[in-house]
Amino acid sequence: MERTGYNKDFLWGGAIACSQADGGFNEGGKGVSTQDTRYLNPKWTAKEIADKHHNRPFTLEEFNAALQDDSTEFYPLRRGINFYNNYKEDLKLMGEMGLKIFRTSISWSRIFPNGDDAVPNEEGIQFYIDLFSECKKNNMKVFATMIHYDIPVNLVLKYGGWKNRELITFFEKYVTVLYERLGELVDFWLPFNEINAAKFSPWDGVCLIPGNEEHLDQAIFQSLHHQFLCSAKAVQLGRKMVPGKKIGAMIARFTTYPATCKPEDNMQAILDDQYSNWFYLDVMARGEYPKYIDRYFKQINVNIMMEDGDLELLKDGTVGFVSFSYYFSQVSTNVEGWEQTAGNLVIGKKNPYLEASEWGWQIDSIGLRFTLNQVYDRYQLPVIIAENGLGAYDTLTENGEVHDSYRIEYMRKHVTEMKEAIIDGVELLAFTAWGIIDIVSCGPLTMDKRYGTIYVDLDNGGNGSGKRYKKDSFYWYQKCIASNGEDLE
Ligand code: BG6
């Protein structure tokens with residue numbers, strides 16, 4: 001069959017996450033979540049944010065201070081953009097843009113406020129029934145992430161978080177309720193957002209405070225083992241409870257090229273790829289720990305404690321699709337002193353051929369085609385681009401317009417390369433553009449790092465009208481979707 005571009009049923013979409021968008025952190029019976037504890041002083045300058053906040057791990061002092069404070073002033077993730085109360089208007093705008101699929105995450109602490117409650121919070125369940133029904137009304141399929149970094153904080157206080165195997169039992173209960181009560185409305189399920197966050201951002205990924213751990217890597221990979229088992233459980237349960245629905249895996253994809261054609265750099269690129277990317281997808285898509293990871297675990301002195309049946313569960317619970325976030329690429333080399341640049345909660349190595357965003361993330365649309373080919377070659381499973389987009393400062397003009405030609409340029413190039421990948425033969429199901437409506441950014445916790453095609457009038461301190469405005473990119477994406485990726489002008 002000749003492939004010339006996007007299939008007629010290609011799913012153009014947009015994505016957000018509950019902790020960055022919803023707000024309503026103490027409404028509707030919701031419990032406190034781990035993401036509700038992340039602090040930002042809105043008076044900090046961009047440089048201070050990068051120094052004090054973005055580039056260093058979460059601390060115990062911060063955590064304890066947050067638990068004593070129930071205000072929203074210094075906790076942007078408690079405010080989000082008030083999607084919790086505004087979702088009808090927001091989904092209507094997305095429907096008008098023509099989105100065919102909407103990705104968001106479910107807040108575990110809305111369903112089970114403490115994580116270990118005997119019965120779920122009915123108000124929380126009803127919220128998601130209403131939200132997802134509203135998506136359907138606006139002709140959008142639903143792509144639901146079960147955990148996008150946030151879990152009920154009680155699970156950390158009482159059980160120590162993901163390090164504790166007991167979390168698997170609580171997770172199983174959570175998933176059972178999700179399938180039972182929301183199964184009809186959700187089309188694609190994703191147990192974990194960017195599961196490799198465990199390593200590159202331990203608080204987000206596995207709720208560990210790095211300074212608190214005697215052997216951080218051991219804690220990270222043990223926690224991750226429990227998450228892998230949860231992912232497999234979600235697949236097993238899904239087979240019975242939501243047959244026909246797709247359940248997938250996701251990583252933050254750190255695409256890397258050898259910095260030079262030196263054999264050493266090529267070897268380094270293979271290792272970087274295995275340790276930062278493939279390991280995670282290999283376990284969930286192939287159903288076993290890959291052999292190369294033994295050597296790495298030995299180097300970092302990690303020894304995973306497993307129980308009988310774990311390996312069988314992993315083998316049986318392999319996913320139905322693979323997905324990733326893709327924002328930038330970097331290079332691999334072990335040359336000392338190679339120039340560094342920022343990336344998604346990581347510091348990467350600079351590629352002299354690429355330009356970067358205002359946050360230093362290197363823009364590389366061809367890297368997306370490269371990644372799609374690699375991922376599909378490796379697993380031969382349908383692929384979803386779960387996140388991609390440009391974080392930028394935007395200006396709202398006096399007449400309520402945002403001229404974001406830089407974002408259109410970014411999207412145009414990435415959509416063009418996605419099409420190339422499809423022609424290459426990649427089975428690409430969907431593209432959910434990140435932060436389709438402006439939300440609080442996850443790394444710096446600011447509003448002024450914006451990804452949306454819809455502008456939200458709020459600043460870093462949560463001040464502003466909260467009104468929504470269509471950016472130029474809104475009209476561009478609308479045209480792109482209406483023409484099924486053909487009209488990109
Ligand atoms: C991904 C996360 O890592 O990157 C999102 O899944 C996040 O939650 C996105 O928002 C972009 O990062 P940031 O820090 O610019 O918001």
# chains A, B, ... in the order shown; residues from 1 in each chain; ligands from 1

call {"tool": "residues_near_ligand", "arguments": {"ligand": "ligand 1", "cutoff": "6 Å", "atoms": "only C-alpha atoms and all ligand atoms", "output": "PyMOL selection string"}}
result
chain A and resi 344+391+441-444

call {"tool": "residues_around", "arguments": {"residues": "segment 409-424 of chain A", "least_positions_apart": "5", "cutoff": "7 Å", "atoms": "only C-alpha atoms", "output": "list in words"}}
result
Arg3, Thr4, Gly5, Tyr6, Ser365, Ile366, Leu368, Arg369, Leu372, Asn373, Gly389, Leu390 and Leu488 of chain A

call {"tool": "residues_around", "arguments": {"residues": "Pro57 of chain A", "least_positions_apart": "6", "cutoff": "8 Å", "atoms": "only C-alpha atoms", "output": "PyMOL selection string"}}
result
chain A and resi 201+203+209-211

call {"tool": "write_last_selection", "arguments": {"atoms": "C-alpha atoms", "output": "JSON list (two decimals), in the first residue's frame"}}
result
[["chain", "number", "residue", "atom", "x", "y", "z"],
["A", 201, "SER", "CA", 13.66, 13.75, 38.46],
["A", 203, "TRP", "CA", 10.50, 13.54, 43.27],
["A", 209, "ILE", "CA", 13.60, 13.34, 48.12],
["A", 210, "PRO", "CA", 17.15, 12.80, 46.86],
["A", 211, "GLY", "CA", 18.92, 14.33, 49.89]]

call {"tool": "closest_residue", "arguments": {"among": "A:Lys262, A:Arg378, A:Arg286, A:His215", "to": "Thr333 of chain A", "atoms": "only C-alpha atoms"}}
result
A:Lys262

call {"tool": "residues_around", "arguments": {"residues": "Asp90 of chain A", "least_positions_apart": "4", "cutoff": "9 Å", "atoms": "only C-alpha atoms", "output": "ChimeraX atom specification"}}
result
/A:83,86,94-95,437,454,468

call {"tool": "residues_around", "arguments": {"residues": "Gly238 of chain A", "least_positions_apart": "5", "cutoff": "8 Å", "atoms": "only C-alpha atoms", "output": "compact mmCIF listing (two decimals) with all heavy atoms, in the first residue's frame"}}
result
# COMPACT_ATOMS: atom_id res chain seq x y z
N TYR A 179 -11.15 1.67 35.76
CA TYR A 179 -11.71 0.86 34.68
C TYR A 179 -13.22 0.67 34.85
O TYR A 179 -13.98 0.75 33.89
CB TYR A 179 -11.03 -0.51 34.62
CG TYR A 179 -9.61 -0.49 34.09
CD1 TYR A 179 -8.71 -1.51 34.40
CD2 TYR A 179 -9.15 0.53 33.25
CE1 TYR A 179 -7.42 -1.52 33.91
CE2 TYR A 179 -7.85 0.53 32.75
CZ TYR A 179 -6.99 -0.51 33.09
OH TYR A 179 -5.71 -0.51 32.60
N PRO A 243 -11.75 -4.57 27.67
CA PRO A 243 -11.21 -5.20 26.47
C PRO A 243 -11.40 -4.30 25.26
O PRO A 243 -12.37 -3.58 25.17
CB PRO A 243 -12.05 -6.49 26.33
CG PRO A 243 -13.25 -6.28 27.18
CD PRO A 243 -12.87 -5.29 28.26
N LYS A 245 -9.67 -1.70 24.61
CA LYS A 245 -9.05 -0.39 24.82
C LYS A 245 -7.53 -0.56 24.85
O LYS A 245 -7.03 -1.59 25.27
CB LYS A 245 -9.53 0.24 26.14
CG LYS A 245 -11.03 0.45 26.20
CD LYS A 245 -11.49 1.54 25.23
CE LYS A 245 -13.00 1.66 25.15
NZ LYS A 245 -13.60 2.52 26.15
N ILE A 247 -3.73 0.13 26.10
CA ILE A 247 -3.00 0.54 27.30
C ILE A 247 -1.51 0.59 26.93
O ILE A 247 -0.98 -0.38 26.38
CB ILE A 247 -3.25 -0.46 28.45
CG1 ILE A 247 -4.76 -0.53 28.70
CG2 ILE A 247 -2.49 -0.05 29.71
CD1 ILE A 247 -5.23 -1.73 29.46

call {"tool": "closest_residue", "arguments": {"among": "A:Lys8, A:Lys141, A:Lys30, A:Arg79", "to": "Thr446 of chain A", "atoms": "only C-alpha atoms"}}
result
A:Arg79

call {"tool": "select_by_dssp", "arguments": {"residues": "segment 166-324 of chain A", "states": "strand (DSSP E or B)", "output": "ChimeraX atom specification"}}
result
/A:188-192,246-252,255-258,321-324

call {"tool": "closest_atom_pairs", "arguments": {"of": "segment 126-206 of chain A", "to": "segment 17-29 of chain A", "cutoff": "10 Å", "atoms": "only C-alpha atoms", "output": "tab-separated table"}}
result
residue	atom	partner	partner_atom	distance
A:Gln126	CA	A:Gly28	CA	9.6
A:Phe127	CA	A:Gly28	CA	8.3
A:Ala144	CA	A:Ala17	CA	9.4
A:Thr145	CA	A:Ala17	CA	8.2
A:Ile147	CA	A:Ala17	CA	9.2
A:His148	CA	A:Ala17	CA	6.5
A:Tyr149	CA	A:Ser19	CA	8.3
A:Asp150	CA	A:Ser19	CA	7.0
A:Asn193	CA	A:Ala17	CA	9.4

call {"tool": "atom_distance", "arguments": {"atom1": "atom CA of Val322 of chain A", "atom2": "atom CA of Ala249 of chain A"}}
result
5.0 Å

call {"tool": "select_by_dssp", "arguments": {"residues": "segment 32-166 of chain A", "states": "helix (DSSP H, G or I)", "output": "CSV table (one decimal) with N, CA and C atoms, in the first residue's frame"}}
result
chain,number,residue,atom,x,y,z
A,34,THR,N,1.3,14.9,46.0
A,34,THR,CA,2.8,15.2,46.1
A,34,THR,C,3.2,16.4,45.3
A,35,GLN,N,2.5,16.7,44.2
A,35,GLN,CA,2.8,17.9,43.4
A,35,GLN,C,2.3,19.2,44.0
A,36,ASP,N,1.3,19.1,44.9
A,36,ASP,CA,0.9,20.3,45.6
A,36,ASP,C,1.9,20.8,46.5
A,37,THR,N,3.0,20.1,46.7
A,37,THR,CA,4.0,20.6,47.7
A,37,THR,C,5.2,21.3,47.0
A,46,ALA,N,13.9,35.0,36.4
A,46,ALA,CA,14.1,33.8,35.6
A,46,ALA,C,15.4,33.1,36.0
A,47,LYS,N,16.4,33.9,36.2
A,47,LYS,CA,17.7,33.3,36.6
A,47,LYS,C,17.6,32.7,38.0
A,48,GLU,N,17.0,33.4,38.9
A,48,GLU,CA,16.8,32.8,40.2
A,48,GLU,C,16.0,31.5,40.2
A,49,ILE,N,15.0,31.5,39.4
A,49,ILE,CA,14.2,30.3,39.3
A,49,ILE,C,15.0,29.1,38.8
A,50,ALA,N,15.8,29.4,37.7
A,50,ALA,CA,16.7,28.4,37.2
A,50,ALA,C,17.7,27.9,38.3
A,51,ASP,N,18.3,28.8,39.0
A,51,ASP,CA,19.3,28.5,40.0
A,51,ASP,C,18.7,27.8,41.2
A,52,LYS,N,17.7,28.4,41.8
A,52,LYS,CA,17.1,28.0,43.1
A,52,LYS,C,16.2,26.8,42.9
A,53,HIS,N,15.6,26.7,41.7
A,53,HIS,CA,14.5,25.8,41.7
A,53,HIS,C,14.7,24.7,40.6
A,54,HIS,N,14.8,25.1,39.4
A,54,HIS,CA,14.7,24.2,38.3
A,54,HIS,C,15.9,23.2,38.3
A,60,LEU,N,13.8,18.1,51.7
A,60,LEU,CA,12.9,17.8,52.8
A,60,LEU,C,12.4,19.0,53.5
A,61,GLU,N,13.2,20.1,53.6
A,61,GLU,CA,12.7,21.3,54.2
A,61,GLU,C,11.5,21.9,53.4
A,62,GLU,N,11.7,21.9,52.1
A,62,GLU,CA,10.6,22.4,51.3
A,62,GLU,C,9.3,21.5,51.5
A,63,PHE,N,9.5,20.2,51.5
A,63,PHE,CA,8.4,19.3,51.7
A,63,PHE,C,7.7,19.6,53.0
A,64,ASN,N,8.4,19.7,54.1
A,64,ASN,CA,7.8,19.9,55.4
A,64,ASN,C,7.1,21.2,55.5
A,65,ALA,N,7.8,22.2,54.9
A,65,ALA,CA,7.1,23.6,54.9
A,65,ALA,C,5.8,23.6,54.2
A,66,ALA,N,5.8,22.9,53.1
A,66,ALA,CA,4.6,22.8,52.2
A,66,ALA,C,3.4,22.1,53.0
A,67,LEU,N,3.8,21.1,53.8
A,67,LEU,CA,2.7,20.4,54.5
A,67,LEU,C,2.1,21.3,55.6
A,76,PRO,N,2.1,27.1,42.8
A,76,PRO,CA,1.4,27.3,41.5
A,76,PRO,C,0.6,26.0,41.1
A,77,LEU,N,1.1,24.9,41.5
A,77,LEU,CA,0.4,23.6,41.0
A,77,LEU,C,-0.9,23.4,41.8
A,78,ARG,N,-1.1,24.2,42.9
A,78,ARG,CA,-2.4,24.1,43.6
A,78,ARG,C,-3.4,25.0,42.8
A,79,ARG,N,-2.9,25.9,42.0
A,79,ARG,CA,-3.8,26.8,41.3
A,79,ARG,C,-4.1,26.4,39.9
A,83,PHE,N,-8.7,24.8,35.5
A,83,PHE,CA,-9.4,23.9,34.5
A,83,PHE,C,-10.5,23.1,35.2
A,84,TYR,N,-10.3,22.8,36.5
A,84,TYR,CA,-11.3,22.1,37.3
A,84,TYR,C,-12.7,22.7,37.2
A,85,ASN,N,-12.7,24.1,37.2
A,85,ASN,CA,-14.0,24.7,37.1
A,85,ASN,C,-14.3,25.3,35.8
A,86,ASN,N,-13.3,25.3,34.9
A,86,ASN,CA,-13.5,26.0,33.6
A,86,ASN,C,-13.4,25.0,32.4
A,87,TYR,N,-13.4,23.7,32.7
A,87,TYR,CA,-13.2,22.7,31.6
A,87,TYR,C,-14.2,22.8,30.5
A,88,LYS,N,-15.4,23.2,30.8
A,88,LYS,CA,-16.4,23.2,29.7
A,88,LYS,C,-16.0,24.2,28.6
A,89,GLU,N,-15.7,25.4,29.1
A,89,GLU,CA,-15.3,26.4,28.1
A,89,GLU,C,-14.0,26.0,27.4
A,90,ASP,N,-13.1,25.4,28.1
A,90,ASP,CA,-11.8,25.1,27.5
A,90,ASP,C,-11.9,24.0,26.5
A,91,LEU,N,-12.8,23.0,26.8
A,91,LEU,CA,-12.9,21.9,25.9
A,91,LEU,C,-13.7,22.3,24.6
A,92,LYS,N,-14.6,23.3,24.8
A,92,LYS,CA,-15.3,23.9,23.7
A,92,LYS,C,-14.3,24.5,22.7
A,93,LEU,N,-13.4,25.2,23.3
A,93,LEU,CA,-12.4,25.9,22.4
A,93,LEU,C,-11.5,24.8,21.7
A,94,MET,N,-11.2,23.7,22.4
A,94,MET,CA,-10.4,22.7,21.8
A,94,MET,C,-11.3,22.0,20.7
A,95,GLY,N,-12.5,21.8,20.9
A,95,GLY,CA,-13.4,21.2,19.9
A,95,GLY,C,-13.5,22.1,18.7
A,96,GLU,N,-13.5,23.4,18.9
A,96,GLU,CA,-13.6,24.4,17.8
A,96,GLU,C,-12.3,24.3,17.0
A,97,MET,N,-11.2,24.0,17.7
A,97,MET,CA,-9.9,23.9,17.0
A,97,MET,C,-9.9,22.7,16.1
A,108,TRP,N,-5.0,10.9,41.2
A,108,TRP,CA,-5.3,9.8,42.2
A,108,TRP,C,-5.9,10.3,43.5
A,109,SER,N,-5.4,11.5,43.9
A,109,SER,CA,-5.9,12.0,45.2
A,109,SER,C,-7.3,12.6,45.1
A,110,ARG,N,-7.9,12.7,43.8
A,110,ARG,CA,-9.3,13.0,43.7
A,110,ARG,C,-10.1,11.8,43.9
A,111,ILE,N,-9.6,10.6,43.4
A,111,ILE,CA,-10.3,9.4,43.5
A,111,ILE,C,-10.2,8.7,44.8
A,122,GLU,N,-16.7,9.7,45.7
A,122,GLU,CA,-17.7,9.8,44.6
A,122,GLU,C,-17.6,11.1,43.8
A,123,GLU,N,-17.4,12.2,44.5
A,123,GLU,CA,-17.3,13.5,43.9
A,123,GLU,C,-16.2,13.5,42.8
A,124,GLY,N,-15.1,12.9,43.2
A,124,GLY,CA,-13.9,12.9,42.3
A,124,GLY,C,-14.3,12.0,41.0
A,125,ILE,N,-14.9,10.9,41.2
A,125,ILE,CA,-15.3,10.1,40.1
A,125,ILE,C,-16.2,10.8,39.2
A,126,GLN,N,-17.2,11.5,39.8
A,126,GLN,CA,-18.2,12.2,39.0
A,126,GLN,C,-17.5,13.3,38.2
A,127,PHE,N,-16.5,13.9,38.8
A,127,PHE,CA,-15.8,15.0,38.0
A,127,PHE,C,-15.2,14.4,36.7
A,128,TYR,N,-14.6,13.2,36.8
A,128,TYR,CA,-14.1,12.7,35.6
A,128,TYR,C,-15.1,12.1,34.6
A,129,ILE,N,-16.2,11.6,35.2
A,129,ILE,CA,-17.3,11.2,34.3
A,129,ILE,C,-17.8,12.5,33.5
A,130,ASP,N,-18.0,13.6,34.2
A,130,ASP,CA,-18.4,14.8,33.5
A,130,ASP,C,-17.4,15.3,32.5
A,131,LEU,N,-16.1,15.3,32.9
A,131,LEU,CA,-15.0,15.8,32.1
A,131,LEU,C,-14.9,15.0,30.8
A,132,PHE,N,-14.9,13.7,30.9
A,132,PHE,CA,-14.7,12.9,29.8
A,132,PHE,C,-16.0,12.9,28.9
A,133,SER,N,-17.1,13.0,29.5
A,133,SER,CA,-18.4,13.1,28.7
A,133,SER,C,-18.3,14.4,27.9
A,134,GLU,N,-17.8,15.4,28.5
A,134,GLU,CA,-17.7,16.7,27.8
A,134,GLU,C,-16.8,16.6,26.6
A,135,CYS,N,-15.7,15.8,26.8
A,135,CYS,CA,-14.8,15.6,25.6
A,135,CYS,C,-15.5,14.9,24.5
A,136,LYS,N,-16.3,13.9,24.8
A,136,LYS,CA,-17.1,13.2,23.8
A,136,LYS,C,-18.1,14.2,23.1
A,137,LYS,N,-18.7,15.0,23.9
A,137,LYS,CA,-19.6,16.0,23.3
A,137,LYS,C,-18.9,16.9,22.3
A,154,ASN,N,-0.2,11.3,51.3
A,154,ASN,CA,-0.3,10.3,52.4
A,154,ASN,C,0.5,9.0,52.1
A,155,LEU,N,0.5,8.7,50.9
A,155,LEU,CA,1.3,7.4,50.5
A,155,LEU,C,2.8,7.6,50.7
A,156,VAL,N,3.2,8.8,50.7
A,156,VAL,CA,4.6,9.1,51.0
A,156,VAL,C,4.8,9.2,52.5
A,157,LEU,N,3.9,9.9,53.2
A,157,LEU,CA,4.1,10.1,54.6
A,157,LEU,C,4.0,8.7,55.4
A,158,LYS,N,3.0,7.9,55.0
A,158,LYS,CA,2.7,6.7,55.7
A,158,LYS,C,3.5,5.5,55.3
A,159,TYR,N,3.8,5.5,54.0
A,159,TYR,CA,4.4,4.2,53.4
A,159,TYR,C,5.8,4.5,52.8
A,161,GLY,N,6.2,6.1,50.0
A,161,GLY,CA,6.1,6.2,48.5
A,161,GLY,C,6.4,4.9,47.8
A,162,TRP,N,6.9,5.1,46.6
A,162,TRP,CA,7.0,4.0,45.6
A,162,TRP,C,8.1,2.9,46.1
A,163,LYS,N,8.9,3.3,47.0
A,163,LYS,CA,9.9,2.3,47.5
A,163,LYS,C,9.2,1.1,48.1
A,166,GLU,N,3.9,-2.1,49.0
A,166,GLU,CA,2.5,-2.1,49.2
A,166,GLU,C,1.7,-1.1,48.3

call {"tool": "closest_residue", "arguments": {"among": "A:Phe328, A:Tyr477, A:Tyr275, A:Tyr379", "to": "Ala433 of chain A", "atoms": "only C-alpha atoms"}}
result
A:Tyr477

call {"tool": "residues_around", "arguments": {"residues": "Gly466 of chain A", "least_positions_apart": "6", "cutoff": "9 Å", "atoms": "only C-alpha atoms", "output": "count of residues only"}}
result
5

call {"tool": "residues_around", "arguments": {"residues": "segment 393-406 of chain A", "least_positions_apart": "3", "cutoff": "8 Å", "atoms": "only C-alpha atoms", "output": "ChimeraX atom specification"}}
result
/A:409-410,448-450,455,469-473

call {"tool": "atom_distance", "arguments": {"atom1": "atom CA of Gly425 of chain A", "atom2": "atom CA of Trp476 of chain A"}}
result
26.4 Å
